[in-house]
$ cat my_file-v8.cif   # mmCIF, C-alpha atoms
data_query
#
loop_
_atom_site.group_PDB
_atom_site.id
_atom_site.type_symbol
_atom_site.label_atom_id
_atom_site.label_comp_id
_atom_site.auth_asym_id
_atom_site.auth_seq_id
_atom_site.Cartn_x
_atom_site.Cartn_y
_atom_site.Cartn_z
ATOM 1 C CA MET A 1 -83.827 2.755 -62.862
ATOM 2 C CA LEU A 2 -85.628 2.127 -66.145
ATOM 3 C CA CYS A 3 -88.004 -0.618 -65.109
ATOM 4 C CA SER A 4 -88.984 -0.296 -61.483
ATOM 5 C CA SER A 5 -91.632 -2.990 -61.133
ATOM 6 C CA ALA A 6 -93.287 -5.895 -62.875
ATOM 7 C CA VAL A 7 -96.333 -7.691 -61.543
ATOM 8 C CA ILE A 8 -98.356 -10.624 -62.835
ATOM 9 C CA VAL A 9 -101.998 -9.573 -62.937
ATOM 10 C CA GLY A 10 -104.313 -11.767 -60.855
ATOM 11 C CA ASP A 11 -105.812 -13.556 -63.856
ATOM 12 C CA SER A 12 -102.304 -14.627 -65.002
ATOM 13 C CA LYS A 13 -103.141 -13.432 -68.500
ATOM 14 C CA SER A 14 -101.113 -10.220 -68.403
ATOM 15 C CA PHE A 15 -98.334 -8.456 -66.573
ATOM 16 C CA THR A 16 -97.761 -4.825 -65.740
ATOM 17 C CA PHE A 17 -94.575 -2.839 -65.294
ATOM 18 C CA ASN A 18 -93.616 0.779 -64.735
ATOM 19 C CA ILE A 19 -91.303 2.841 -66.896
ATOM 20 C CA LEU A 20 -90.665 6.452 -65.963
ATOM 21 C CA ASN A 21 -93.461 6.260 -63.384
ATOM 22 C CA GLN A 22 -96.044 5.238 -65.992
ATOM 23 C CA GLN A 23 -97.709 1.840 -65.779
ATOM 24 C CA TYR A 24 -97.987 -0.376 -68.849
ATOM 25 C CA THR A 25 -99.914 -3.619 -69.237
ATOM 26 C CA VAL A 26 -98.799 -6.360 -71.582
ATOM 27 C CA THR A 27 -101.455 -8.855 -72.623
ATOM 28 C CA PHE A 28 -101.161 -11.948 -74.766
ATOM 29 C CA GLU A 29 -102.855 -10.091 -77.634
ATOM 30 C CA LEU A 30 -100.330 -7.241 -77.440
ATOM 31 C CA PHE A 31 -97.480 -9.769 -77.237
ATOM 32 C CA CYS A 32 -98.726 -11.445 -80.455
ATOM 33 C CA ASP A 33 -99.279 -8.121 -82.232
ATOM 34 C CA VAL A 34 -95.849 -6.691 -81.428
ATOM 35 C CA LEU A 35 -93.993 -9.876 -82.340
ATOM 36 C CA HIS A 36 -96.219 -10.580 -85.377
ATOM 37 C CA PHE A 37 -97.174 -14.068 -84.265
ATOM 38 C CA PRO A 38 -100.022 -15.689 -86.201
ATOM 39 C CA LYS A 39 -103.290 -15.985 -84.301
ATOM 40 C CA ASP A 40 -105.245 -18.860 -85.803
ATOM 41 C CA ARG A 41 -105.253 -22.359 -87.317
ATOM 42 C CA PHE A 42 -102.922 -24.130 -84.935
ATOM 43 C CA ASP A 43 -102.410 -27.824 -84.420
ATOM 44 C CA PRO A 44 -102.722 -29.061 -80.853
ATOM 45 C CA LEU A 45 -99.542 -29.533 -78.853
ATOM 46 C CA PRO A 46 -98.153 -33.046 -79.129
ATOM 47 C CA THR A 47 -99.141 -35.364 -76.311
ATOM 48 C CA ASP A 48 -96.568 -36.986 -74.039
ATOM 49 C CA ASP A 49 -97.144 -40.230 -75.951
ATOM 50 C CA GLU A 50 -96.434 -38.523 -79.290
ATOM 51 C CA LEU A 51 -93.277 -36.929 -77.899
ATOM 52 C CA SER A 52 -92.179 -40.242 -76.390
ATOM 53 C CA GLN A 53 -92.686 -42.011 -79.718
ATOM 54 C CA PHE A 54 -90.715 -39.269 -81.478
ATOM 55 C CA PHE A 55 -87.734 -39.853 -79.168
ATOM 56 C CA VAL A 56 -88.027 -43.621 -79.590
ATOM 57 C CA ASN A 57 -87.954 -43.097 -83.383
ATOM 58 C CA ILE A 58 -84.761 -41.026 -83.209
ATOM 59 C CA HIS A 59 -83.149 -43.743 -81.037
ATOM 60 C CA TYR A 60 -82.929 -41.846 -77.759
ATOM 61 C CA GLN A 61 -80.752 -44.039 -75.500
ATOM 62 C CA GLY A 62 -81.037 -42.421 -72.065
ATOM 63 C CA PRO A 63 -83.428 -42.580 -69.120
ATOM 64 C CA PHE A 64 -86.881 -41.752 -70.383
ATOM 65 C CA GLN A 65 -88.304 -38.934 -68.289
ATOM 66 C CA MET A 66 -89.711 -36.214 -70.550
ATOM 67 C CA VAL A 67 -88.659 -33.403 -68.207
ATOM 68 C CA LYS A 68 -85.075 -34.700 -67.980
ATOM 69 C CA LEU A 69 -84.084 -35.616 -71.531
ATOM 70 C CA SER A 70 -80.462 -34.945 -72.451
ATOM 71 C CA LYS A 71 -78.777 -34.309 -75.783
ATOM 72 C CA SER A 72 -75.957 -36.619 -74.743
ATOM 73 C CA PHE A 73 -78.249 -39.629 -75.321
ATOM 74 C CA VAL A 74 -79.038 -38.946 -78.992
ATOM 75 C CA VAL A 75 -76.883 -39.691 -82.026
ATOM 76 C CA ARG A 76 -74.600 -36.945 -83.288
ATOM 77 C CA GLU A 77 -76.949 -35.639 -85.999
ATOM 78 C CA TRP A 78 -79.817 -35.223 -83.525
ATOM 79 C CA ASP A 79 -77.449 -33.687 -80.962
ATOM 80 C CA LEU A 80 -76.562 -31.035 -83.557
ATOM 81 C CA PHE A 81 -80.267 -30.559 -84.361
ATOM 82 C CA PHE A 82 -81.200 -30.011 -80.682
ATOM 83 C CA ASP A 83 -78.083 -27.892 -80.156
ATOM 84 C CA THR A 84 -79.235 -25.557 -82.937
ATOM 85 C CA ILE A 85 -82.757 -25.360 -81.507
ATOM 86 C CA ALA A 86 -81.362 -24.615 -78.031
ATOM 87 C CA ARG A 87 -79.144 -21.832 -79.352
ATOM 88 C CA VAL A 88 -81.926 -20.198 -81.360
ATOM 89 C CA PHE A 89 -85.049 -20.727 -79.267
ATOM 90 C CA GLY A 90 -84.153 -22.338 -76.004
ATOM 91 C CA ASN A 91 -84.160 -20.957 -72.544
ATOM 92 C CA CYS A 92 -80.786 -22.518 -71.790
ATOM 93 C CA THR A 93 -77.792 -21.558 -69.697
ATOM 94 C CA LYS A 94 -74.345 -23.095 -69.335
ATOM 95 C CA THR A 95 -75.626 -25.353 -66.564
ATOM 96 C CA ASN A 96 -78.617 -26.810 -68.441
ATOM 97 C CA PHE A 97 -77.559 -26.546 -72.097
ATOM 98 C CA HIS A 98 -77.368 -30.338 -72.379
ATOM 99 C CA CYS A 99 -81.106 -30.617 -71.517
ATOM 100 C CA ILE A 100 -83.815 -30.978 -74.121
ATOM 101 C CA THR A 101 -86.409 -28.681 -72.552
ATOM 102 C CA SER A 102 -90.119 -29.083 -73.212
ATOM 103 C CA LEU A 103 -89.998 -25.971 -75.419
ATOM 104 C CA ASN A 104 -87.229 -27.528 -77.499
ATOM 105 C CA GLN A 105 -89.140 -30.825 -77.660
ATOM 106 C CA TYR A 106 -92.202 -29.005 -79.049
ATOM 107 C CA ILE A 107 -90.114 -27.069 -81.574
ATOM 108 C CA ALA A 108 -88.305 -30.207 -82.758
ATOM 109 C CA TYR A 109 -91.567 -32.118 -83.058
ATOM 110 C CA ALA A 110 -93.174 -29.274 -85.031
ATOM 111 C CA ILE A 111 -90.214 -29.052 -87.425
ATOM 112 C CA VAL A 112 -89.936 -32.788 -88.029
ATOM 113 C CA PHE A 113 -93.679 -33.399 -88.484
ATOM 114 C CA GLY A 114 -94.634 -30.075 -90.082
ATOM 115 C CA ARG A 115 -97.039 -29.174 -87.272
ATOM 116 C CA ARG A 116 -98.253 -25.587 -86.862
ATOM 117 C CA LEU A 117 -97.980 -25.040 -83.096
ATOM 118 C CA ASN A 118 -98.893 -21.889 -81.197
ATOM 119 C CA PHE A 119 -95.384 -20.892 -80.138
ATOM 120 C CA ALA A 120 -96.648 -17.483 -79.051
ATOM 121 C CA GLU A 121 -98.739 -19.130 -76.341
ATOM 122 C CA ILE A 122 -95.843 -21.369 -75.290
ATOM 123 C CA LEU A 123 -93.414 -18.422 -75.038
ATOM 124 C CA TRP A 124 -96.024 -16.253 -73.289
ATOM 125 C CA ASN A 125 -96.549 -18.913 -70.625
ATOM 126 C CA ILE A 126 -92.789 -19.211 -70.118
ATOM 127 C CA MET A 127 -92.476 -15.444 -69.650
ATOM 128 C CA LEU A 128 -95.360 -15.355 -67.157
ATOM 129 C CA ASN A 129 -93.934 -18.344 -65.324
ATOM 130 C CA ARG A 130 -90.533 -16.645 -65.028
ATOM 131 C CA LEU A 131 -92.125 -13.516 -63.589
ATOM 132 C CA ALA A 132 -94.299 -15.493 -61.183
ATOM 133 C CA HIS A 133 -91.418 -17.642 -59.892
ATOM 134 C CA SER A 134 -88.690 -15.064 -59.458
ATOM 135 C CA ARG A 135 -86.063 -15.013 -56.705
ATOM 136 C CA ARG A 136 -85.198 -12.266 -54.257
ATOM 137 C CA ASP A 137 -81.649 -10.941 -53.921
ATOM 138 C CA SER A 138 -79.924 -9.804 -50.720
ATOM 139 C CA ASP A 139 -81.604 -6.365 -50.926
ATOM 140 C CA ASN A 140 -85.031 -8.056 -51.086
ATOM 141 C CA HIS A 141 -85.477 -7.052 -54.731
ATOM 142 C CA VAL A 142 -86.862 -9.538 -57.185
ATOM 143 C CA LYS A 143 -84.401 -10.773 -59.800
ATOM 144 C CA VAL A 144 -85.903 -12.207 -62.947
ATOM 145 C CA LYS A 145 -83.678 -13.924 -65.438
ATOM 146 C CA CYS A 146 -84.793 -12.545 -68.761
ATOM 147 C CA TRP A 147 -84.657 -15.344 -71.324
ATOM 148 C CA TYR A 148 -86.023 -13.258 -74.186
ATOM 149 C CA PRO A 149 -84.565 -9.739 -73.829
ATOM 150 C CA ARG A 150 -85.093 -8.903 -77.503
ATOM 151 C CA PHE A 151 -88.812 -9.647 -77.201
ATOM 152 C CA LEU A 152 -88.981 -7.435 -74.125
ATOM 153 C CA THR A 153 -87.152 -4.664 -75.985
ATOM 154 C CA LEU A 154 -89.609 -4.840 -78.883
ATOM 155 C CA ILE A 155 -92.584 -4.711 -76.503
ATOM 156 C CA ILE A 156 -91.158 -1.737 -74.594
ATOM 157 C CA ASN A 157 -90.384 0.121 -77.832
ATOM 158 C CA HIS A 158 -93.952 -0.492 -78.976
ATOM 159 C CA LEU A 159 -95.427 0.902 -75.753
ATOM 160 C CA LEU A 160 -93.241 3.998 -75.427
ATOM 161 C CA THR A 161 -93.917 7.272 -77.168
ATOM 162 C CA VAL A 162 -91.527 8.488 -79.864
ATOM 163 C CA GLU A 163 -90.110 11.028 -77.379
ATOM 164 C CA GLN A 164 -89.471 8.334 -74.758
ATOM 165 C CA VAL A 165 -87.771 6.077 -77.301
ATOM 166 C CA GLU A 166 -85.506 8.987 -78.321
ATOM 167 C CA LEU A 167 -84.704 9.695 -74.660
ATOM 168 C CA PHE A 168 -83.506 6.113 -74.183
ATOM 169 C CA ARG A 169 -81.724 6.066 -77.519
ATOM 170 C CA GLU A 170 -79.666 9.087 -76.442
ATOM 171 C CA ALA A 171 -78.946 7.668 -72.962
ATOM 172 C CA ARG A 172 -75.481 6.293 -72.326
ATOM 173 C CA PHE A 173 -75.381 2.506 -71.991
ATOM 174 C CA GLU A 174 -72.436 0.689 -70.510
ATOM 175 C CA THR A 175 -72.094 -3.053 -70.789
ATOM 176 C CA SER A 176 -70.855 -5.230 -67.996
ATOM 177 C CA PRO A 177 -68.698 -8.355 -68.324
ATOM 178 C CA THR A 178 -71.868 -10.461 -68.093
ATOM 179 C CA THR A 179 -74.081 -8.461 -70.472
ATOM 180 C CA ASP A 180 -74.019 -11.050 -73.240
ATOM 181 C CA THR A 181 -74.203 -14.170 -71.077
ATOM 182 C CA LYS A 182 -76.591 -13.178 -68.291
ATOM 183 C CA PHE A 183 -79.286 -10.555 -68.713
ATOM 184 C CA TYR A 184 -81.004 -9.759 -65.425
ATOM 185 C CA THR A 185 -83.752 -7.246 -64.849
ATOM 186 C CA ARG A 186 -83.891 -5.891 -61.341
ATOM 187 C CA LEU A 187 -87.453 -5.373 -60.209
ATOM 188 C CA ASP A 188 -88.889 -3.760 -57.081
ATOM 189 C CA VAL A 189 -92.060 -5.734 -56.505
#
$ encode --input "my_file-v8.cif" --output "structure tokens"
Amino acid sequence: MLCSSAVIVGDSKSFTFNILNQQYTVTFELFCDVLHFPKDRFDPLPTDDELSQFFVNIHYQGPFQMVKLSKSFVVREWDLFFDTIARVFGNCTKTNFHCITSLNQYIAYAIVFGRRLNFAEILWNIMLNRLAHSRRDSDNHVKVKCWYPRFLTLIINHLLTVEQVELFREARFETSPTTDTKFYTRLDV
């Protein structure tokens, strides 16, 4: 098994995992460095009032609970806009694709109003939250739904030695019928 464990460190500012019996720690700083996120001059996140006003301005017609907004209550142009954001950035599945998640609300707000938000911090908190609130399967292993597998791949490639990367590059990889739609990492925590 490639990745045998992943643990949120007590301060909730990093996580560790083992690959080939060697422990690696991923911090927010490493996350930003590997993914080339900017590190300074950010605008504050929009407040709930600012987000509410934004949705009023785009004529949102549904029940107004920020955590339960749905694309089905916006006009077609905005539905397409939020659909694009969900496909590119969102942590969406078939069952919640109609939702306008808080991440997608922040991204839309930043695009429309030209705000420079710290998306690295937002994504980092989502990743830590996913690790911290994982579910156990029937074998008592933790199953974490990996919303950003490409980010994880980049981080792992950054941490591994050239020899380890070559070892994995040469390894045979077989896809399953759900490889493209559901990417699960099995963790022994």
$ atom_distance --input "my_file-v8.cif" --atom1 "CA of Lys13 (chain A)" --atom2 "CA of Ile122 (chain A)"
12.7 Å
$ residues_near_point --input "my_file-v8.cif" --point "(-79.7, -32.4, -73.9)" --cutoff "10 Å" --atoms "only C-alpha atoms" --output "PyMOL selection string"
chain A and resi 68-74+79+82-83+86+96-101+104
$ atom_distance --input "my_file-v8.cif" --atom1 "CA of Leu45 (chain A)" --atom2 "CA of Phe15 (chain A)"
24.4 Å
$ residues_around --input "my_file-v8.cif" --residues "region 53-65 of chain A" --least-positions-apart "6" --cutoff "10 Å" --atoms "only C-alpha atoms" --output "list of chain:residue names"
A:Pro46, A:Thr47, A:Lys71, A:Ser72, A:Phe73, A:Val74, A:Val75, A:Glu77, A:Trp78, A:Gln105, A:Ala108, A:Tyr109, A:Val112, A:Phe113
$ closest_residue --input "my_file-v8.cif" --among "A:Glu166, A:Glu50, A:Leu159, A:Val67" --to "Ile19 (chain A)" --atoms "all atoms listed in the file"
A:Leu159
$ resolve_selection --input "my_file-v8.cif" --expression "the PyMOL selection byres ((chain A and resi 156) around 10)" --output "list in words"
Phe17, Ile19, Tyr24, Val26, Val34, Arg150, Phe151, Leu152, Thr153, Leu154, Ile155, Asn157, His158, Leu159, Leu160, Thr161 and Val165 of chain A
$ atom_distance --input "my_file-v8.cif" --atom1 "CA of Asp33 (chain A)" --atom2 "CA of Asn21 (chain A)"
24.4 Å
$ closest_residue --input "my_file-v8.cif" --among "A:Gln23, A:Asn129, A:Asn118, A:Gln164" --to "Pro38 (chain A)" --atoms "all atoms listed in the file"
A:Asn118
$ closest_residue --input "my_file-v8.cif" --among "A:Val88, A:Ile107, A:Leu123, A:Val162" --to "Phe37 (chain A)" --atoms "all atoms listed in the file"
A:Leu123
$ resolve_selection --input "my_file-v8.cif" --expression "the PyMOL selection byres ((chain A and resi 125) around 12)" --output "ChimeraX atom specification"
/A:8,12-15,27-28,31,103,118-124,126-133
